[in-house]
$ cat upload_25.csv   # CSV, N, CA and C atoms
chain,number,residue,atom,x,y,z
A,20,GLN,N,14.3,5.2,13.9
A,20,GLN,CA,13.6,3.9,13.7
A,20,GLN,C,12.3,4.1,13.0
A,21,VAL,N,12.1,3.4,11.9
A,21,VAL,CA,10.9,3.5,11.1
A,21,VAL,C,10.0,2.4,11.5
A,22,GLN,N,8.7,2.7,11.7
A,22,GLN,CA,7.7,1.7,12.0
A,22,GLN,C,6.5,2.0,11.1
A,23,LEU,N,6.0,1.0,10.5
A,23,LEU,CA,4.8,1.2,9.6
A,23,LEU,C,3.7,0.3,10.1
A,24,VAL,N,2.5,0.9,10.3
A,24,VAL,CA,1.4,0.1,10.8
A,24,VAL,C,0.2,0.3,9.8
A,25,GLU,N,-0.2,-0.9,9.2
A,25,GLU,CA,-1.3,-0.9,8.3
A,25,GLU,C,-2.6,-1.1,9.0
A,26,SER,N,-3.6,-0.7,8.4
A,26,SER,CA,-5.0,-0.9,8.8
A,26,SER,C,-6.0,-0.8,7.7
A,27,GLY,N,-7.2,-1.4,7.9
A,27,GLY,CA,-8.2,-1.2,6.9
A,27,GLY,C,-8.5,-2.4,6.0
A,28,GLY,N,-7.7,-3.5,6.2
A,28,GLY,CA,-8.0,-4.7,5.5
A,28,GLY,C,-9.3,-5.4,6.0
A,29,GLY,N,-9.7,-6.4,5.3
A,29,GLY,CA,-10.9,-7.1,5.7
A,29,GLY,C,-11.5,-7.9,4.6
A,30,LEU,N,-12.7,-8.4,4.8
A,30,LEU,CA,-13.4,-9.2,3.8
A,30,LEU,C,-14.5,-8.3,3.1
A,31,VAL,N,-14.5,-8.4,1.8
A,31,VAL,CA,-15.4,-7.6,1.0
A,31,VAL,C,-15.9,-8.4,-0.2
A,32,GLN,N,-17.0,-8.1,-0.7
A,32,GLN,CA,-17.6,-8.8,-1.8
A,32,GLN,C,-17.0,-8.2,-3.1
A,33,ALA,N,-16.9,-9.0,-4.1
A,33,ALA,CA,-16.4,-8.5,-5.4
A,33,ALA,C,-17.2,-7.3,-5.8
A,34,GLY,N,-16.5,-6.3,-6.4
A,34,GLY,CA,-17.2,-5.1,-6.8
A,34,GLY,C,-17.2,-4.0,-5.7
A,35,GLY,N,-16.8,-4.4,-4.4
A,35,GLY,CA,-16.8,-3.5,-3.3
A,35,GLY,C,-15.6,-2.7,-3.2
A,36,SER,N,-15.5,-1.9,-2.1
A,36,SER,CA,-14.3,-1.0,-1.9
A,36,SER,C,-13.8,-1.2,-0.5
A,37,LEU,N,-12.5,-0.9,-0.4
A,37,LEU,CA,-11.8,-0.8,0.9
A,37,LEU,C,-10.8,0.3,0.8
A,38,ARG,N,-10.5,0.9,1.9
A,38,ARG,CA,-9.4,1.8,2.0
A,38,ARG,C,-8.4,1.4,3.0
A,39,LEU,N,-7.2,1.2,2.6
A,39,LEU,CA,-6.1,0.8,3.5
A,39,LEU,C,-5.3,2.1,3.9
A,40,SER,N,-4.9,2.1,5.2
A,40,SER,CA,-4.1,3.2,5.7
A,40,SER,C,-2.8,2.6,6.2
A,41,CYS,N,-1.7,3.4,6.2
A,41,CYS,CA,-0.4,3.0,6.7
A,41,CYS,C,0.1,4.2,7.4
A,42,ALA,N,0.2,4.1,8.7
A,42,ALA,CA,0.8,5.2,9.5
A,42,ALA,C,2.3,4.9,9.8
A,43,ALA,N,3.1,5.9,9.5
A,43,ALA,CA,4.5,5.8,9.6
A,43,ALA,C,5.1,6.6,10.8
A,44,SER,N,6.0,6.0,11.5
A,44,SER,CA,6.7,6.8,12.6
A,44,SER,C,8.1,7.1,12.0
A,45,GLY,N,8.8,7.9,12.8
A,45,GLY,CA,10.1,8.3,12.3
A,45,GLY,C,10.1,9.6,11.5
A,46,SER,N,11.3,10.0,11.2
A,46,SER,CA,11.4,11.3,10.4
A,46,SER,C,11.4,11.0,8.9
A,47,PHE,N,11.4,12.1,8.2
A,47,PHE,CA,11.6,12.1,6.8
A,47,PHE,C,10.5,11.5,6.0
A,48,PHE,N,9.3,11.3,6.6
A,48,PHE,CA,8.2,10.7,5.8
A,48,PHE,C,8.0,11.5,4.5
A,49,SER,N,8.0,12.8,4.6
A,49,SER,CA,7.5,13.6,3.5
A,49,SER,C,8.4,13.5,2.3
A,50,ILE,N,9.6,13.1,2.5
A,50,ILE,CA,10.6,12.9,1.4
A,50,ILE,C,10.7,11.5,0.9
A,51,SER,N,10.0,10.6,1.6
A,51,SER,CA,10.2,9.2,1.3
A,51,SER,C,9.2,8.8,0.2
A,52,THR,N,9.6,7.8,-0.6
A,52,THR,CA,8.7,7.1,-1.5
A,52,THR,C,7.9,6.1,-0.7
A,53,MET,N,6.6,6.1,-0.8
A,53,MET,CA,5.8,5.2,0.0
A,53,MET,C,5.1,4.3,-1.0
A,54,GLY,N,4.9,3.0,-0.7
A,54,GLY,CA,4.3,2.1,-1.6
A,54,GLY,C,3.4,1.1,-0.9
A,55,TRP,N,2.6,0.5,-1.7
A,55,TRP,CA,1.8,-0.7,-1.3
A,55,TRP,C,2.2,-1.8,-2.2
A,56,TYR,N,2.4,-2.9,-1.6
A,56,TYR,CA,2.7,-4.2,-2.2
A,56,TYR,C,1.7,-5.2,-1.8
A,57,ARG,N,1.6,-6.3,-2.5
A,57,ARG,CA,0.7,-7.4,-2.1
A,57,ARG,C,1.3,-8.7,-2.4
A,58,GLN,N,0.9,-9.7,-1.6
A,58,GLN,CA,1.4,-11.1,-1.8
A,58,GLN,C,0.3,-12.0,-1.6
A,59,ALA,N,0.0,-12.8,-2.6
A,59,ALA,CA,-1.0,-13.8,-2.6
A,59,ALA,C,-0.3,-15.1,-2.2
A,60,PRO,N,-1.0,-16.1,-1.7
A,60,PRO,CA,-0.4,-17.4,-1.3
A,60,PRO,C,0.3,-18.0,-2.4
A,61,GLY,N,1.5,-18.4,-2.2
A,61,GLY,CA,2.3,-19.1,-3.2
A,61,GLY,C,2.9,-18.2,-4.3
A,62,LYS,N,2.7,-16.9,-4.1
A,62,LYS,CA,3.2,-15.9,-5.2
A,62,LYS,C,4.2,-15.0,-4.5
A,63,GLN,N,4.9,-14.3,-5.4
A,63,GLN,CA,5.9,-13.3,-4.9
A,63,GLN,C,5.2,-12.0,-4.5
A,64,ARG,N,5.9,-11.2,-3.8
A,64,ARG,CA,5.3,-9.9,-3.4
A,64,ARG,C,5.5,-8.9,-4.5
A,65,ASP,N,4.5,-8.3,-5.0
A,65,ASP,CA,4.5,-7.4,-6.1
A,65,ASP,C,4.0,-6.0,-5.8
A,66,LEU,N,4.6,-5.0,-6.5
A,66,LEU,CA,4.2,-3.6,-6.3
A,66,LEU,C,2.7,-3.5,-6.8
A,67,VAL,N,1.9,-2.8,-6.0
A,67,VAL,CA,0.6,-2.4,-6.3
A,67,VAL,C,0.6,-0.9,-6.8
A,68,ALA,N,1.2,-0.1,-6.0
A,68,ALA,CA,1.2,1.4,-6.3
A,68,ALA,C,2.3,2.0,-5.4
A,69,ASP,N,2.9,3.1,-5.9
A,69,ASP,CA,3.7,3.9,-5.0
A,69,ASP,C,3.6,5.4,-5.3
A,70,ILE,N,4.0,6.2,-4.4
A,70,ILE,CA,3.9,7.6,-4.5
A,70,ILE,C,5.2,8.3,-4.0
A,71,THR,N,5.8,9.2,-4.7
A,71,THR,CA,7.0,9.8,-4.3
A,71,THR,C,6.7,11.0,-3.3
A,72,GLY,N,7.7,11.6,-2.8
A,72,GLY,CA,7.5,12.7,-1.9
A,72,GLY,C,6.9,13.9,-2.5
A,73,ILE,N,7.0,14.0,-3.9
A,73,ILE,CA,6.4,15.1,-4.6
A,73,ILE,C,5.1,14.7,-5.2
A,74,GLY,N,4.6,13.5,-4.9
A,74,GLY,CA,3.3,13.1,-5.4
A,74,GLY,C,3.2,12.4,-6.7
A,75,ASP,N,4.3,12.0,-7.3
A,75,ASP,CA,4.3,11.2,-8.5
A,75,ASP,C,3.9,9.8,-8.1
A,76,THR,N,3.0,9.2,-9.0
A,76,THR,CA,2.5,7.9,-8.7
A,76,THR,C,2.7,6.9,-9.8
A,77,GLN,N,2.7,5.7,-9.5
A,77,GLN,CA,2.7,4.6,-10.5
A,77,GLN,C,1.9,3.5,-9.9
A,78,TYR,N,1.3,2.7,-10.9
A,78,TYR,CA,0.4,1.6,-10.5
A,78,TYR,C,0.7,0.4,-11.3
A,79,ALA,N,0.5,-0.7,-10.7
A,79,ALA,CA,0.5,-2.0,-11.5
A,79,ALA,C,-0.6,-1.9,-12.5
A,80,ALA,N,-0.4,-2.5,-13.7
A,80,ALA,CA,-1.4,-2.5,-14.7
A,80,ALA,C,-2.7,-3.1,-14.3
A,81,SER,N,-2.6,-4.1,-13.4
A,81,SER,CA,-3.8,-4.8,-13.0
A,81,SER,C,-4.8,-4.0,-12.1
A,82,VAL,N,-4.3,-2.9,-11.5
A,82,VAL,CA,-5.1,-2.1,-10.6
A,82,VAL,C,-5.3,-0.7,-11.2
A,83,LYS,N,-4.7,-0.3,-12.2
A,83,LYS,CA,-4.8,1.0,-12.8
A,83,LYS,C,-6.3,1.3,-13.1
A,84,GLY,N,-6.7,2.5,-12.6
A,84,GLY,CA,-8.1,2.8,-12.9
A,84,GLY,C,-9.1,2.4,-11.8
A,85,ARG,N,-8.6,1.5,-10.9
A,85,ARG,CA,-9.4,1.0,-9.8
A,85,ARG,C,-8.9,1.4,-8.4
A,86,PHE,N,-7.6,1.5,-8.3
A,86,PHE,CA,-7.0,1.8,-7.0
A,86,PHE,C,-6.4,3.2,-7.1
A,87,THR,N,-6.3,3.9,-6.0
A,87,THR,CA,-5.7,5.2,-5.9
A,87,THR,C,-4.9,5.3,-4.7
A,88,ILE,N,-3.6,5.7,-4.9
A,88,ILE,CA,-2.7,5.9,-3.7
A,88,ILE,C,-2.6,7.4,-3.4
A,89,SER,N,-2.6,7.7,-2.2
A,89,SER,CA,-2.4,9.1,-1.8
A,89,SER,C,-1.7,9.2,-0.5
A,90,ARG,N,-1.3,10.4,-0.1
A,90,ARG,CA,-0.5,10.5,1.1
A,90,ARG,C,-0.9,11.8,1.8
A,91,ASP,N,-0.8,11.8,3.1
A,91,ASP,CA,-1.0,13.0,3.9
A,91,ASP,C,0.2,13.2,4.8
A,92,ASN,N,1.1,14.1,4.3
A,92,ASN,CA,2.4,14.3,5.0
A,92,ASN,C,2.2,14.8,6.4
A,93,ALA,N,1.1,15.6,6.7
A,93,ALA,CA,0.9,16.1,8.0
A,93,ALA,C,0.6,15.0,9.0
A,94,LYS,N,0.0,13.9,8.5
A,94,LYS,CA,-0.3,12.8,9.4
A,94,LYS,C,0.6,11.6,9.2
A,95,ASN,N,1.7,11.8,8.4
A,95,ASN,CA,2.6,10.7,8.2
A,95,ASN,C,1.9,9.4,7.8
A,96,THR,N,0.9,9.5,6.9
A,96,THR,CA,0.1,8.4,6.5
A,96,THR,C,-0.1,8.3,5.0
A,97,VAL,N,-0.1,7.1,4.5
A,97,VAL,CA,-0.3,6.8,3.1
A,97,VAL,C,-1.6,5.9,3.0
A,98,TYR,N,-2.3,6.2,2.0
A,98,TYR,CA,-3.6,5.5,1.8
A,98,TYR,C,-3.6,4.7,0.5
A,99,LEU,N,-4.4,3.7,0.4
A,99,LEU,CA,-4.7,3.0,-0.8
A,99,LEU,C,-6.2,2.8,-0.9
A,100,GLN,N,-6.9,3.6,-1.8
A,100,GLN,CA,-8.3,3.4,-2.0
A,100,GLN,C,-8.5,2.4,-3.1
A,101,MET,N,-9.2,1.3,-2.7
A,101,MET,CA,-9.4,0.2,-3.7
A,101,MET,C,-10.9,0.1,-4.0
A,102,ASN,N,-11.2,0.3,-5.3
A,102,ASN,CA,-12.6,0.2,-5.8
A,102,ASN,C,-12.7,-1.0,-6.8
A,103,SER,N,-13.9,-1.3,-7.0
A,103,SER,CA,-14.2,-2.4,-8.0
A,103,SER,C,-13.3,-3.6,-7.7
A,104,LEU,N,-13.3,-4.1,-6.5
A,104,LEU,CA,-12.4,-5.1,-6.1
A,104,LEU,C,-12.8,-6.4,-6.8
A,105,LYS,N,-11.7,-7.2,-7.2
A,105,LYS,CA,-11.9,-8.5,-7.8
A,105,LYS,C,-11.4,-9.6,-7.0
A,106,LEU,N,-11.8,-10.8,-7.3
A,106,LEU,CA,-11.3,-12.0,-6.5
A,106,LEU,C,-9.8,-12.0,-6.5
A,107,GLU,N,-9.2,-11.7,-7.6
A,107,GLU,CA,-7.7,-11.8,-7.7
A,107,GLU,C,-7.0,-10.7,-7.0
A,108,ASP,N,-7.7,-9.8,-6.3
A,108,ASP,CA,-7.1,-8.8,-5.5
A,108,ASP,C,-6.8,-9.3,-4.1
A,109,THR,N,-7.3,-10.5,-3.8
A,109,THR,CA,-7.1,-11.1,-2.5
A,109,THR,C,-5.6,-11.4,-2.3
A,110,ALA,N,-5.2,-10.9,-1.1
A,110,ALA,CA,-3.7,-11.0,-0.8
A,110,ALA,C,-3.5,-10.3,0.5
A,111,VAL,N,-2.3,-10.5,1.0
A,111,VAL,CA,-1.8,-9.6,2.1
A,111,VAL,C,-1.2,-8.4,1.5
A,112,TYR,N,-1.6,-7.3,2.0
A,112,TYR,CA,-1.1,-6.0,1.5
A,112,TYR,C,-0.1,-5.4,2.5
A,113,TYR,N,1.1,-5.0,2.0
A,113,TYR,CA,2.1,-4.5,2.8
A,113,TYR,C,2.5,-3.1,2.4
A,114,CYS,N,2.7,-2.3,3.4
A,114,CYS,CA,3.1,-0.9,3.3
A,114,CYS,C,4.6,-0.9,3.2
A,115,ASN,N,5.2,0.0,2.4
A,115,ASN,CA,6.6,0.0,2.2
A,115,ASN,C,7.1,1.5,2.2
A,116,GLN,N,8.2,1.7,2.9
A,116,GLN,CA,8.8,3.1,2.8
A,116,GLN,C,10.3,2.9,2.4
A,117,VAL,N,10.6,3.7,1.4
A,117,VAL,CA,12.0,3.7,0.9
A,117,VAL,C,12.7,5.0,1.5
A,118,LEU,N,13.7,4.9,2.3
A,118,LEU,CA,14.3,6.0,2.9
A,118,LEU,C,15.8,5.8,2.9
A,119,LEU,N,16.5,6.7,2.3
A,119,LEU,CA,18.0,6.6,2.2
A,119,LEU,C,18.4,5.2,1.7
A,120,LEU,N,17.7,4.8,0.6
A,120,LEU,CA,18.0,3.5,-0.1
A,120,LEU,C,17.7,2.3,0.7
A,121,ARG,N,17.1,2.4,1.9
A,121,ARG,CA,16.7,1.2,2.6
A,121,ARG,C,15.2,1.1,2.5
A,122,ASN,N,14.8,-0.2,2.5
A,122,ASN,CA,13.3,-0.5,2.5
A,122,ASN,C,12.8,-0.9,3.9
A,123,TYR,N,11.7,-0.4,4.2
A,123,TYR,CA,11.0,-0.7,5.5
A,123,TYR,C,9.6,-1.2,5.2
A,124,TRP,N,9.2,-2.2,6.0
A,124,TRP,CA,7.9,-2.9,5.7
A,124,TRP,C,7.0,-2.9,6.9
A,125,GLY,N,5.7,-2.8,6.7
A,125,GLY,CA,4.8,-3.1,7.7
A,125,GLY,C,4.5,-4.5,7.9
A,126,GLN,N,3.6,-4.9,8.8
A,126,GLN,CA,3.4,-6.3,9.1
A,126,GLN,C,2.4,-6.9,8.2
A,127,GLY,N,1.7,-6.1,7.4
A,127,GLY,CA,0.7,-6.6,6.4
A,127,GLY,C,-0.7,-6.6,6.9
A,128,THR,N,-1.6,-6.4,6.0
A,128,THR,CA,-3.0,-6.5,6.3
A,128,THR,C,-3.7,-7.3,5.3
A,129,GLN,N,-4.6,-8.3,5.7
A,129,GLN,CA,-5.2,-9.2,4.8
A,129,GLN,C,-6.4,-8.5,4.1
A,130,VAL,N,-6.5,-8.7,2.8
A,130,VAL,CA,-7.6,-8.3,2.0
A,130,VAL,C,-8.2,-9.5,1.4
A,131,THR,N,-9.4,-9.8,1.6
A,131,THR,CA,-10.1,-11.0,1.0
A,131,THR,C,-11.3,-10.5,0.3
A,132,VAL,N,-11.3,-10.9,-1.0
A,132,VAL,CA,-12.5,-10.5,-1.9
A,132,VAL,C,-13.3,-11.8,-2.2
A,133,SER,N,-14.5,-11.8,-1.8
A,133,SER,CA,-15.4,-13.0,-2.0
A,133,SER,C,-16.4,-12.8,-3.2
A,134,SER,N,-16.8,-13.9,-3.7
A,134,SER,CA,-17.8,-13.8,-4.8
A,134,SER,C,-19.2,-13.7,-4.3
$ encode --input "upload_25.csv" --output "structure tokens"
Amino acid sequence: QVQLVESGGGLVQAGGSLRLSCAASGSFFSISTMGWYRQAPGKQRDLVADITGIGDTQYAASVKGRFTISRDNAKNTVYLQMNSLKLEDTAVYYCNQVLLLRNYWGQGTQVTVSS
């Protein structure tokens, strides 16, 4: 049974920083691709960044150079460091784990960027 628990969201001013964490339970974390997605009101859920088991990463064009995804396999945790936050980064951020072709999701954490 995979469970993902996000933390670290909140309210921040534009230009500020936040770090999201996602703690995963269950086995096979180290070989799973882990990702962060976000969904703004009235919009679809989109990939922000993901990281494979061997550390390969990809980012949405809108966050490249500002966000960094990383993982700590010893802690079964994936992180998203978000710098230079913009108003348009406001969304619910979801942690995702891909394991044996199945997708697992956390409950989401709200990030609100204010002017």
$ residues_around --input "upload_25.csv" --residues "Gln77 (chain A)" --least-positions-apart "5" --cutoff "6.5 Å" --atoms "only N, CA and C atoms" --output "number ranges by chain"
A: 67-70
$ write_last_selection --input "upload_25.csv" --atoms "N, CA and C atoms" --output "PDB file, keeping the file's coordinate frame"
ATOM      1  N   VAL A  67       1.900  -2.800  -6.000  1.00  0.00           N
ATOM      2  CA  VAL A  67       0.600  -2.400  -6.300  1.00  0.00           C
ATOM      3  C   VAL A  67       0.600  -0.900  -6.800  1.00  0.00           C
ATOM      4  N   ALA A  68       1.200  -0.100  -6.000  1.00  0.00           N
ATOM      5  CA  ALA A  68       1.200   1.400  -6.300  1.00  0.00           C
ATOM      6  C   ALA A  68       2.300   2.000  -5.400  1.00  0.00           C
ATOM      7  N   ASP A  69       2.900   3.100  -5.900  1.00  0.00           N
ATOM      8  CA  ASP A  69       3.700   3.900  -5.000  1.00  0.00           C
ATOM      9  C   ASP A  69       3.600   5.400  -5.300  1.00  0.00           C
ATOM     10  N   ILE A  70       4.000   6.200  -4.400  1.00  0.00           N
ATOM     11  CA  ILE A  70       3.900   7.600  -4.500  1.00  0.00           C
ATOM     12  C   ILE A  70       5.200   8.300  -4.000  1.00  0.00           C
TER      13      ILE A  70
END
$ atom_distance --input "upload_25.csv" --atom1 "CA of Arg90 (chain A)" --atom2 "atom N of Ser46 (chain A)"
15.5 Å
$ residues_around --input "upload_25.csv" --residues "region 119-125 of chain A" --least-positions-apart "5" --cutoff "7 Å" --atoms "all atoms listed in the file" --output "PDB file with N, CA and C atoms, keeping the file's coordinate frame"
ATOM      1  N   VAL A  21      12.100   3.400  11.900  1.00  0.00           N
ATOM      2  CA  VAL A  21      10.900   3.500  11.100  1.00  0.00           C
ATOM      3  C   VAL A  21      10.000   2.400  11.500  1.00  0.00           C
ATOM      4  N   GLN A  22       8.700   2.700  11.700  1.00  0.00           N
ATOM      5  CA  GLN A  22       7.700   1.700  12.000  1.00  0.00           C
ATOM      6  C   GLN A  22       6.500   2.000  11.100  1.00  0.00           C
ATOM      7  N   LEU A  23       6.000   1.000  10.500  1.00  0.00           N
ATOM      8  CA  LEU A  23       4.800   1.200   9.600  1.00  0.00           C
ATOM      9  C   LEU A  23       3.700   0.300  10.100  1.00  0.00           C
ATOM     10  N   VAL A  24       2.500   0.900  10.300  1.00  0.00           N
ATOM     11  CA  VAL A  24       1.400   0.100  10.800  1.00  0.00           C
ATOM     12  C   VAL A  24       0.200   0.300   9.800  1.00  0.00           C
ATOM     13  N   GLU A  25      -0.200  -0.900   9.200  1.00  0.00           N
ATOM     14  CA  GLU A  25      -1.300  -0.900   8.300  1.00  0.00           C
ATOM     15  C   GLU A  25      -2.600  -1.100   9.000  1.00  0.00           C
ATOM     16  N   SER A  51      10.000  10.600   1.600  1.00  0.00           N
ATOM     17  CA  SER A  51      10.200   9.200   1.300  1.00  0.00           C
ATOM     18  C   SER A  51       9.200   8.800   0.200  1.00  0.00           C
ATOM     19  N   TYR A 113       1.100  -5.000   2.000  1.00  0.00           N
ATOM     20  CA  TYR A 113       2.100  -4.500   2.800  1.00  0.00           C
ATOM     21  C   TYR A 113       2.500  -3.100   2.400  1.00  0.00           C
ATOM     22  N   CYS A 114       2.700  -2.300   3.400  1.00  0.00           N
ATOM     23  CA  CYS A 114       3.100  -0.900   3.300  1.00  0.00           C
ATOM     24  C   CYS A 114       4.600  -0.900   3.200  1.00  0.00           C
TER      25      CYS A 114
END
$ closest_residue --input "upload_25.csv" --among "A:Ser134, A:Gln126, A:Asn115, A:Gln100" --to "Gly54 (chain A)" --atoms "all atoms listed in the file"
A:Asn115
$ atom_distance --input "upload_25.csv" --atom1 "atom C of Lys62 (chain A)" --atom2 "CA of Val111 (chain A)"
10.4 Å
$ decode --input "upload_25.csv" --residues "region 47-120 of chain A" --atoms "C-alpha atoms" --output "short mmCIF file (atom, residue, chain, number, x, y, z; two decimals), in the first residue's frame"
data_model
loop_
_atom_site.label_atom_id
_atom_site.label_comp_id
_atom_site.auth_asym_id
_atom_site.auth_seq_id
_atom_site.Cartn_x
_atom_site.Cartn_y
_atom_site.Cartn_z
CA PHE A 47 10.25 0.30 -3.87
CA PHE A 48 10.52 4.05 -3.35
CA SER A 49 14.10 4.10 -4.58
CA ILE A 50 13.17 2.68 -7.98
CA SER A 51 10.03 4.77 -8.44
CA THR A 52 9.73 7.90 -10.51
CA MET A 53 8.49 10.63 -8.19
CA GLY A 54 6.84 13.78 -9.38
CA TRP A 55 5.17 17.01 -8.39
CA TYR A 56 2.07 18.17 -10.19
CA ARG A 57 -0.07 21.22 -9.64
CA GLN A 58 -3.63 22.21 -10.30
CA ALA A 59 -4.96 25.75 -10.25
CA PRO A 60 -8.70 26.45 -9.96
CA GLY A 61 -10.49 25.64 -13.20
CA LYS A 62 -7.38 24.18 -14.80
CA GLN A 63 -6.07 20.70 -15.40
CA ARG A 64 -3.43 19.05 -13.28
CA ASP A 65 -0.02 19.54 -14.90
CA LEU A 66 3.44 18.16 -14.31
CA VAL A 67 5.79 20.53 -12.51
CA ALA A 68 8.83 18.28 -12.20
CA ASP A 69 9.75 14.65 -11.80
CA ILE A 70 12.79 12.60 -10.89
CA THR A 71 13.57 9.00 -11.75
CA GLY A 72 15.08 6.41 -9.46
CA ILE A 73 18.51 7.18 -10.88
CA GLY A 74 18.10 10.92 -10.48
CA ASP A 75 17.18 12.07 -13.96
CA THR A 76 14.94 15.09 -13.79
CA GLN A 77 12.59 17.02 -16.00
CA TYR A 78 10.80 20.31 -15.45
CA ALA A 79 7.93 22.24 -16.89
CA ALA A 80 9.21 25.15 -18.93
CA SER A 81 7.43 27.60 -16.64
CA VAL A 82 9.45 26.54 -13.58
CA LYS A 83 12.81 25.66 -15.09
CA GLY A 84 15.58 27.56 -13.36
CA ARG A 85 13.37 28.42 -10.38
CA PHE A 86 12.31 25.03 -8.99
CA THR A 87 14.49 22.07 -8.04
CA ILE A 88 13.27 18.55 -7.41
CA SER A 89 15.35 16.17 -5.32
CA ARG A 90 14.96 12.94 -3.42
CA ASP A 91 16.36 11.24 -0.36
CA ASN A 92 15.92 7.50 -0.79
CA ALA A 93 17.06 6.81 2.78
CA LYS A 94 14.08 8.87 4.00
CA ASN A 95 11.63 7.85 1.29
CA THR A 96 11.09 11.55 0.65
CA VAL A 97 10.98 13.76 -2.41
CA TYR A 98 11.34 17.52 -2.24
CA LEU A 99 10.46 20.50 -4.38
CA GLN A 100 12.45 23.64 -3.70
CA MET A 101 10.58 26.59 -5.16
CA ASN A 102 12.38 29.91 -5.52
CA SER A 103 11.40 33.21 -7.12
CA LEU A 104 7.76 32.32 -6.75
CA LYS A 105 5.27 34.06 -9.01
CA LEU A 106 1.56 34.71 -8.68
CA GLU A 107 0.92 32.10 -11.35
CA ASP A 108 2.54 29.42 -9.21
CA THR A 109 -0.52 29.51 -6.97
CA ALA A 110 -2.10 26.05 -7.03
CA VAL A 111 -2.61 22.84 -5.13
CA TYR A 112 0.56 20.81 -5.44
CA TYR A 113 0.31 17.03 -5.56
CA CYS A 114 2.99 14.42 -5.05
CA ASN A 115 2.95 11.49 -7.45
CA GLN A 116 4.62 8.10 -7.43
CA VAL A 117 4.76 5.83 -10.45
CA LEU A 118 5.26 2.23 -9.43
CA LEU A 119 4.76 -0.78 -11.67
CA LEU A 120 2.86 1.41 -14.14
#
